[in-house]
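What follows is a single structure, written as structure tokens, with notes after it.
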There are 2 protein chains.
Amino acid sequence: MAEKKPKEAAEGRRERKRRQTRDRIQQAAMTLFLERGFEETTVEDIAEAADVSKRSFFDYFPSKEDVVFAWQDTFAQHLMNAIATRPSDEAAVSAVRHALIETVVIAADQRALAIGDLVNRTPALKARDQLKYAKLEQKLAEALEARSRSQEERRRMRMLAAVVIGMLRVGAERWKEEPKGASFEAFARSLFADLWTMLGELGEEARASTD
Amino acid sequence: MAEKKPKEAAEGRRERKRRQTRDRIQQAAMTLFLERGFEETTVEDIAEAADVSKRSFFDYFPSKEDVVFAWQDTFAQHLMNAIATRPSDEAAVSAVRHALIETVVIAADQRALAIGDLVNRTPALKARDQLKYAKLEQKLAEALEARSRSQEERRRMRMLAAVVIGMLRVGAERWKEEPKGASFEAFARSLFADLWTMLGELGEEARASTD
DNA sequence: GAAAAACCTTGCACTTAATGCAATATTGCA
DNA sequence: TGCAATATTGCATTAAGTGCAAGGTTTTTC
């Protein structure tokens, strides 16, 4: 019945096969999506290409969309790890900066960028993509809060998360206007530099506006 | 065939009737959604209640979801207006603060809050809701950029927009934890106060982190 | 004011995503 | 081996969404 039953599993042939099938479906789906587009690919096409029945497809993924985003879930996991392994006495702004740059550099390969493109030109996917940012923000906030000592600091971390993820979105947009061969890491670093500068200036300005 | 033909229209009986029908459909749909939920309401139910054919429903709205969000589009328009009417020599942070508080206070009536709730407990809607924030951010950035003189300042406005809209999202979450009778305006003001404070502190911290 | 043009509404047929169910096959284990 | 658990599939069904053509209104034109 295809539910993930946590049954003290000792990873038998069954589990392995299941993962293989899942991978095959995902592989087939992404290839087709990138070739001819998301809307233009039917679930039946995918099932065909992965050599399973249409019904089985839905046994592995709850919806067509989920295939695309299951792929991207690793990003959040990476980021959480990166944050967790920063020294615990490091300032939050510094920790998040290092962790995010590190993660982004790992995650931004050719295929990931192509998928980003696909998402961008498919309205239905675009919406869900934004949801992903929201969840990422949530997780980032939690990871940062876990590092905080005071209640005061925890509230601030929620905001920091919002600001940083906001920057990530802006960054994704700006990247498209960057020359093709540009270095991703350099780009990420300059984004953060910009962000810190602007935060300082905005803070300054805000303090000055009295009313 | 039900396309919005911009034909130098002088608002005849046709246009009027069409708008009436549209309103009727929207009214019917929102009432049903709020009564029994989004997924639990079929397009046929809506068409029935609005006394049109199912086919005609799709002549007025491209999808079921669009009924919900067509409603909310007025918010962005309001905000843009509010920004545009601020004195042009006012600091950006101050302008955006006033404009947003003003808009939020107008828009946050009983029905709007109920709809927000509906959106929140319906995954498909939640995704699109996030898209709306993204668009709002885009528009806000444009409105702010229009006020800017230097290239430098324009880049900063993109970030300010991201930060402010991020706060709006955080605010929407925090509001749910607020006591029921609380004043919306007071809440909005305290959010901004928090935001400015934190921006200053974060800016400070960022400047201190040297690497 | 009637014919023509433009537009609106509807019914019908069709495609596709998604779900439930029951039959069948495969695997893990005693 | 044989039994229990799980995987896979086919079939039927619901609901969203689209295309098309027939028939009804409104607006325009002469």
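Ligands are numbered from 1 in the order shown, chains are lettered A, B, ... in the order of the structure tokens, and residues start at 1 in each chain.
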Region 118-191 of chain A near region 162-183 of chain B within 6 Å: what's each residue's closest atom pair and its distance in Å to one decimal, counting only C-alpha atoms, ordered by chain then ascending residue number, as a Markdown table?
```
| residue | atom | partner | partner_atom | distance |
| --- | --- | --- | --- | --- |
| A:Ala162 | CA | B:Gly166 | CA | 5.3 |
| A:Val163 | CA | B:Val163 | CA | 5.2 |
| A:Gly166 | CA | B:Ala162 | CA | 5.3 |
```
Could the residues in this selection be written to a file with N, CA and C atoms, as a PDB file, in the first residue's frame?
```pdb
ATOM      1  N   ALA A 162      13.947  36.071   8.102  1.00  0.00           N
ATOM      2  CA  ALA A 162      13.110  36.673   7.062  1.00  0.00           C
ATOM      3  C   ALA A 162      13.943  37.532   6.123  1.00  0.00           C
ATOM      4  N   VAL A 163      14.829  38.303   6.716  1.00  0.00           N
ATOM      5  CA  VAL A 163      15.662  39.198   5.919  1.00  0.00           C
ATOM      6  C   VAL A 163      16.588  38.407   5.000  1.00  0.00           C
ATOM      7  N   GLY A 166      14.707  36.628   2.286  1.00  0.00           N
ATOM      8  CA  GLY A 166      14.304  37.653   1.333  1.00  0.00           C
ATOM      9  C   GLY A 166      15.439  37.952   0.372  1.00  0.00           C
TER      10      GLY A 166
END
```
Got a sec to pull out which chain A residues are within 6 Å of chain B, counting only C-alpha atoms, and send them as a PDB file with C-alpha atoms, in the first residue's frame?
```
ATOM      1  CA  ALA A 127       3.602  29.355  -6.599  1.00  0.00           C
ATOM      2  CA  ARG A 128       4.868  26.286  -4.845  1.00  0.00           C
ATOM      3  CA  GLN A 130       7.504  30.486  -3.039  1.00  0.00           C
ATOM      4  CA  LEU A 131       6.023  28.188  -0.434  1.00  0.00           C
ATOM      5  CA  ALA A 162      13.110  36.673   7.062  1.00  0.00           C
ATOM      6  CA  VAL A 163      15.662  39.198   5.919  1.00  0.00           C
ATOM      7  CA  GLY A 166      14.304  37.653   1.333  1.00  0.00           C
ATOM      8  CA  TRP A 196      24.979  43.985   5.453  1.00  0.00           C
ATOM      9  CA  LEU A 199      20.984  46.808   6.841  1.00  0.00           C
ATOM     10  CA  GLY A 200      23.350  49.214   8.518  1.00  0.00           C
ATOM     11  CA  GLY A 203      18.974  50.901  10.600  1.00  0.00           C
ATOM     12  CA  ALA A 206      15.157  54.208  10.750  1.00  0.00           C
TER      13      ALA A 206
END
```
- Query: Near chain B, which residues of chain D fall within 12 Å when you count only C-alpha atoms (C1' of nucleotides), and what do they look like as a PyMOL selection string?
  - Reply: chain D and resi 14-20+25-27
- Check every residue of chain C for an atom within 8 Å of chain A, counting only C-alpha atoms (C1' of nucleotides), and provide those that qualify as a PyMOL selection string. chain C and resi 16+18+27
Print the selection's residues with N, CA and C atoms (P, O5', C5', C4', C3', O3' and C1' of nucleotides) to a file, as a tab-separated table (two decimals), in the first residue's frame.
```tsv
chain	number	residue	atom	x	y	z
C	16	DT	P	-4.28	14.11	-22.32
C	16	DT	O5'	-4.19	14.42	-20.77
C	16	DT	C5'	-4.12	15.77	-20.33
C	16	DT	C4'	-4.40	15.82	-18.86
C	16	DT	C3'	-3.64	14.77	-18.03
C	16	DT	O3'	-2.78	15.45	-17.15
C	16	DT	C1'	-5.91	14.95	-17.37
C	18	DA	P	-2.06	15.87	-9.42
C	18	DA	O5'	-3.12	14.88	-8.76
C	18	DA	C5'	-4.29	15.45	-8.16
C	18	DA	C4'	-5.20	14.33	-7.70
C	18	DA	C3'	-4.56	13.28	-6.80
C	18	DA	O3'	-5.19	13.37	-5.53
C	18	DA	C1'	-6.02	12.32	-8.39
C	27	DT	P	10.63	-9.73	-5.92
C	27	DT	O5'	10.60	-9.70	-4.33
C	27	DT	C5'	10.22	-8.50	-3.67
C	27	DT	C4'	10.03	-8.79	-2.20
C	27	DT	C3'	11.20	-9.52	-1.53
C	27	DT	O3'	11.78	-8.62	-0.60
C	27	DT	C1'	9.08	-10.40	-0.87
```
- For CA of Glu65 (chain B) and CA of Lys135 (chain A), quote the distance in Å rounded to one decimal.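 Atom-to-atom, CA of Glu65 (chain B) to CA of Lys135 (chain A), that is 21.4 Å.
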- Query: Hey, what does DSSP flag as alpha helix (DSSP H) within region 27-68 of chain B? Can you give it to me as a ChimeraX atom specification?
  - Reply: /B:27-36,43-50,54-60,64-68
Keeping N, CA and C atoms for every residue in the selection just given, could you write it to a file as a tab-separated table (two decimals), in the first residue's frame?
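Saved to again.tsv:
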```
chain	number	residue	atom	x	y	z
B	27	GLN	N	-19.16	36.20	-4.86
B	27	GLN	CA	-19.90	36.18	-3.60
B	27	GLN	C	-20.26	34.74	-3.22
B	28	ALA	N	-20.89	34.08	-4.17
B	28	ALA	CA	-21.34	32.70	-3.93
B	28	ALA	C	-20.17	31.81	-3.57
B	29	ALA	N	-19.11	31.94	-4.33
B	29	ALA	CA	-17.94	31.08	-4.10
B	29	ALA	C	-17.36	31.32	-2.71
B	30	MET	N	-17.13	32.57	-2.36
B	30	MET	CA	-16.50	32.85	-1.07
B	30	MET	C	-17.38	32.39	0.09
B	31	THR	N	-18.67	32.59	-0.06
B	31	THR	CA	-19.58	32.13	0.99
B	31	THR	C	-19.46	30.62	1.18
B	32	LEU	N	-19.49	29.89	0.08
B	32	LEU	CA	-19.39	28.44	0.17
B	32	LEU	C	-18.02	28.02	0.72
B	33	PHE	N	-16.96	28.65	0.23
B	33	PHE	CA	-15.63	28.32	0.72
B	33	PHE	C	-15.55	28.49	2.23
B	34	LEU	N	-16.05	29.60	2.71
B	34	LEU	CA	-15.96	29.87	4.14
B	34	LEU	C	-16.85	28.93	4.94
B	35	GLU	N	-17.96	28.53	4.33
B	35	GLU	CA	-18.88	27.63	5.04
B	35	GLU	C	-18.29	26.23	5.18
B	36	ARG	N	-17.90	25.67	4.02
B	36	ARG	CA	-17.51	24.26	4.08
B	36	ARG	C	-16.08	23.97	3.63
B	43	VAL	N	-16.76	23.36	-8.35
B	43	VAL	CA	-17.12	24.45	-9.24
B	43	VAL	C	-18.60	24.36	-9.58
B	44	GLU	N	-19.09	23.16	-9.67
B	44	GLU	CA	-20.49	22.99	-9.98
B	44	GLU	C	-21.38	23.58	-8.87
B	45	ASP	N	-20.98	23.35	-7.64
B	45	ASP	CA	-21.72	23.95	-6.51
B	45	ASP	C	-21.79	25.47	-6.67
B	46	ILE	N	-20.65	26.04	-6.98
B	46	ILE	CA	-20.58	27.49	-7.11
B	46	ILE	C	-21.47	27.97	-8.24
B	47	ALA	N	-21.32	27.32	-9.39
B	47	ALA	CA	-22.11	27.70	-10.55
B	47	ALA	C	-23.60	27.62	-10.21
B	48	GLU	N	-23.96	26.54	-9.57
B	48	GLU	CA	-25.34	26.34	-9.11
B	48	GLU	C	-25.80	27.54	-8.28
B	49	ALA	N	-25.02	27.84	-7.24
B	49	ALA	CA	-25.40	28.90	-6.31
B	49	ALA	C	-25.48	30.26	-6.99
B	50	ALA	N	-24.64	30.46	-8.00
B	50	ALA	CA	-24.64	31.76	-8.68
B	50	ALA	C	-25.58	31.75	-9.87
B	54	LYS	N	-21.70	25.67	-15.28
B	54	LYS	CA	-20.32	25.40	-14.91
B	54	LYS	C	-19.38	25.99	-15.94
B	55	ARG	N	-19.76	25.86	-17.20
B	55	ARG	CA	-18.91	26.39	-18.27
B	55	ARG	C	-18.71	27.89	-18.15
B	56	SER	N	-19.76	28.57	-17.75
B	56	SER	CA	-19.68	30.03	-17.63
B	56	SER	C	-18.75	30.45	-16.49
B	57	PHE	N	-18.72	29.64	-15.45
B	57	PHE	CA	-17.80	29.95	-14.35
B	57	PHE	C	-16.41	30.19	-14.90
B	58	PHE	N	-15.98	29.29	-15.77
B	58	PHE	CA	-14.61	29.40	-16.30
B	58	PHE	C	-14.48	30.52	-17.32
B	59	ASP	N	-15.60	31.10	-17.68
B	59	ASP	CA	-15.56	32.25	-18.55
B	59	ASP	C	-15.25	33.50	-17.74
B	60	TYR	N	-15.51	33.42	-16.44
B	60	TYR	CA	-15.28	34.58	-15.59
B	60	TYR	C	-13.99	34.45	-14.77
B	64	LYS	N	-10.57	27.87	-10.07
B	64	LYS	CA	-11.23	27.99	-8.77
B	64	LYS	C	-10.41	28.88	-7.84
B	65	GLU	N	-9.13	28.67	-7.85
B	65	GLU	CA	-8.25	29.46	-6.99
B	65	GLU	C	-8.36	30.95	-7.25
B	66	ASP	N	-8.49	31.29	-8.52
B	66	ASP	CA	-8.48	32.70	-8.87
B	66	ASP	C	-9.59	33.49	-8.20
B	67	VAL	N	-10.68	32.83	-7.89
B	67	VAL	CA	-11.76	33.54	-7.22
B	67	VAL	C	-11.26	34.10	-5.90
B	68	VAL	N	-10.51	33.30	-5.18
B	68	VAL	CA	-10.02	33.73	-3.87
B	68	VAL	C	-9.06	34.90	-4.00
```
- Polymer residues at most 12 Å from DT13 (chain D), only C-alpha atoms (C1' of nucleotides), same-chain spacing of 5 or more positions, as a ChimeraX atom specification: /C:18-21
C-alpha atoms (C1' of nucleotides) of the current selection, written as a CSV table (one decimal), in the first residue's frame:
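For reference, out15.csv as written:
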```
chain,number,residue,atom,x,y,z
C,18,DA,C1',-6.0,12.3,-8.4
C,19,DT,C1',-8.3,8.8,-5.3
C,20,DG,C1',-10.5,4.3,-3.8
C,21,DC,C1',-10.8,-0.4,-4.1
```
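Reported to one decimal place, the separation of CA of Phe184 (chain B) from CA of Ala95 (chain B) is 19.2 Å.
Coordinates place CA of Ala70 (chain B) at a distance of 13.5 Å from CA of Arg24 (chain B).
With only C-alpha atoms (C1' of nucleotides) taken into account, the protein and nucleic acid residues at most 12 Å from DG1 (chain C) (excluding it and anything under 2 positions from it in its own chain) are DA3 of chain C; DT29 and DC30 of chain D.
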Please produce a file of those selected residues containing N, CA and C atoms (P, O5', C5', C4', C3', O3' and C1' of nucleotides), as a PDB file, in the first residue's frame.
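Result file follows (selection-v1.pdb):
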```pdb
ATOM      1  P    DA C   3     -35.029  42.104 -41.655  1.00  0.00           P
ATOM      2  O5'  DA C   3     -33.516  42.015 -42.124  1.00  0.00           O
ATOM      3  C5'  DA C   3     -32.990  42.995 -43.027  1.00  0.00           C
ATOM      4  C4'  DA C   3     -31.498  43.154 -42.790  1.00  0.00           C
ATOM      5  C3'  DA C   3     -30.754  41.841 -42.591  1.00  0.00           C
ATOM      6  O3'  DA C   3     -29.584  41.895 -43.385  1.00  0.00           O
ATOM      7  C1'  DA C   3     -30.328  43.287 -40.759  1.00  0.00           C
TER       8       DA C   3
ATOM      9  P    DT D  29     -20.860  51.200 -35.645  1.00  0.00           P
ATOM     10  O5'  DT D  29     -21.692  50.955 -36.980  1.00  0.00           O
ATOM     11  C5'  DT D  29     -21.783  49.607 -37.484  1.00  0.00           C
ATOM     12  C4'  DT D  29     -22.708  49.585 -38.689  1.00  0.00           C
ATOM     13  C3'  DT D  29     -22.800  50.909 -39.457  1.00  0.00           C
ATOM     14  O3'  DT D  29     -22.772  50.631 -40.852  1.00  0.00           O
ATOM     15  C1'  DT D  29     -24.949  50.208 -38.821  1.00  0.00           C
ATOM     16  P    DC D  30     -22.433  51.785 -41.852  1.00  0.00           P
ATOM     17  O5'  DC D  30     -23.693  51.719 -42.828  1.00  0.00           O
ATOM     18  C5'  DC D  30     -24.187  50.438 -43.259  1.00  0.00           C
ATOM     19  C4'  DC D  30     -25.646  50.559 -43.621  1.00  0.00           C
ATOM     20  C3'  DC D  30     -26.004  51.777 -44.474  1.00  0.00           C
ATOM     21  O3'  DC D  30     -26.719  51.367 -45.624  1.00  0.00           O
ATOM     22  C1'  DC D  30     -27.450  51.610 -42.606  1.00  0.00           C
TER      23       DC D  30
END
```
Show me, as a PDB file with N, CA and C atoms, in the first residue's frame, the residues that have an atom within 12 Å of Glu102 (chain A) when counting only C-alpha atoms (C1' of nucleotides), minus same-chain residues fewer than 5 positions from it.
```pdb
ATOM      1  N   PHE A  75      18.196  20.890  -0.204  1.00  0.00           N
ATOM      2  CA  PHE A  75      18.798  22.195   0.055  1.00  0.00           C
ATOM      3  C   PHE A  75      18.603  22.629   1.505  1.00  0.00           C
ATOM      4  N   HIS A  78      20.731  20.591   3.871  1.00  0.00           N
ATOM      5  CA  HIS A  78      22.107  21.068   3.800  1.00  0.00           C
ATOM      6  C   HIS A  78      22.317  22.298   4.666  1.00  0.00           C
ATOM      7  N   LEU A  79      21.441  23.246   4.474  1.00  0.00           N
ATOM      8  CA  LEU A  79      21.582  24.522   5.178  1.00  0.00           C
ATOM      9  C   LEU A  79      21.511  24.324   6.686  1.00  0.00           C
ATOM     10  N   MET A  80      20.558  23.487   7.118  1.00  0.00           N
ATOM     11  CA  MET A  80      20.428  23.228   8.552  1.00  0.00           C
ATOM     12  C   MET A  80      21.727  22.642   9.101  1.00  0.00           C
ATOM     13  N   ASN A  81      22.258  21.681   8.383  1.00  0.00           N
ATOM     14  CA  ASN A  81      23.525  21.078   8.784  1.00  0.00           C
ATOM     15  C   ASN A  81      24.628  22.125   8.898  1.00  0.00           C
ATOM     16  N   ALA A  82      24.721  22.918   7.857  1.00  0.00           N
ATOM     17  CA  ALA A  82      25.785  23.919   7.820  1.00  0.00           C
ATOM     18  C   ALA A  82      25.698  24.860   9.011  1.00  0.00           C
ATOM     19  N   ILE A  83      24.476  25.244   9.343  1.00  0.00           N
ATOM     20  CA  ILE A  83      24.302  26.129  10.510  1.00  0.00           C
ATOM     21  C   ILE A  83      24.719  25.407  11.790  1.00  0.00           C
ATOM     22  N   THR A  85      26.782  23.147  12.334  1.00  0.00           N
ATOM     23  CA  THR A  85      28.212  22.872  12.526  1.00  0.00           C
ATOM     24  C   THR A  85      29.061  24.144  12.678  1.00  0.00           C
ATOM     25  N   ARG A  86      28.437  25.313  12.645  1.00  0.00           N
ATOM     26  CA  ARG A  86      29.192  26.533  12.925  1.00  0.00           C
ATOM     27  C   ARG A  86      29.506  26.592  14.410  1.00  0.00           C
ATOM     28  N   ALA A  95      27.471  33.463  11.168  1.00  0.00           N
ATOM     29  CA  ALA A  95      27.182  32.049  10.982  1.00  0.00           C
ATOM     30  C   ALA A  95      26.270  31.825   9.782  1.00  0.00           C
ATOM     31  N   VAL A  96      25.235  32.624   9.713  1.00  0.00           N
ATOM     32  CA  VAL A  96      24.270  32.437   8.634  1.00  0.00           C
ATOM     33  C   VAL A  96      24.909  32.766   7.284  1.00  0.00           C
ATOM     34  N   ARG A  97      25.765  33.734   7.291  1.00  0.00           N
ATOM     35  CA  ARG A  97      26.448  34.115   6.057  1.00  0.00           C
ATOM     36  C   ARG A  97      27.308  32.959   5.541  1.00  0.00           C
ATOM     37  N   ALA A 107      24.932  23.588  -3.922  1.00  0.00           N
ATOM     38  CA  ALA A 107      23.651  23.235  -4.531  1.00  0.00           C
ATOM     39  C   ALA A 107      23.485  23.759  -5.957  1.00  0.00           C
ATOM     40  N   ALA A 108      24.264  24.773  -6.327  1.00  0.00           N
ATOM     41  CA  ALA A 108      23.987  25.446  -7.602  1.00  0.00           C
ATOM     42  C   ALA A 108      24.720  24.817  -8.774  1.00  0.00           C
ATOM     43  N   PHE A 184      29.622  31.791  -9.122  1.00  0.00           N
ATOM     44  CA  PHE A 184      28.483  31.780  -8.215  1.00  0.00           C
ATOM     45  C   PHE A 184      28.880  32.233  -6.822  1.00  0.00           C
ATOM     46  N   GLU A 185      30.030  31.764  -6.394  1.00  0.00           N
ATOM     47  CA  GLU A 185      30.453  32.089  -5.034  1.00  0.00           C
ATOM     48  C   GLU A 185      30.701  33.591  -4.883  1.00  0.00           C
ATOM     49  N   ALA A 186      31.387  34.151  -5.852  1.00  0.00           N
ATOM     50  CA  ALA A 186      31.662  35.586  -5.794  1.00  0.00           C
ATOM     51  C   ALA A 186      30.348  36.358  -5.751  1.00  0.00           C
ATOM     52  N   ALA A 188      27.443  35.310  -4.621  1.00  0.00           N
ATOM     53  CA  ALA A 188      26.822  35.141  -3.301  1.00  0.00           C
ATOM     54  C   ALA A 188      27.480  36.060  -2.278  1.00  0.00           C
ATOM     55  N   ARG A 189      28.796  36.126  -2.332  1.00  0.00           N
ATOM     56  CA  ARG A 189      29.509  36.981  -1.369  1.00  0.00           C
ATOM     57  C   ARG A 189      29.131  38.443  -1.543  1.00  0.00           C
TER      58      ARG A 189
END
```
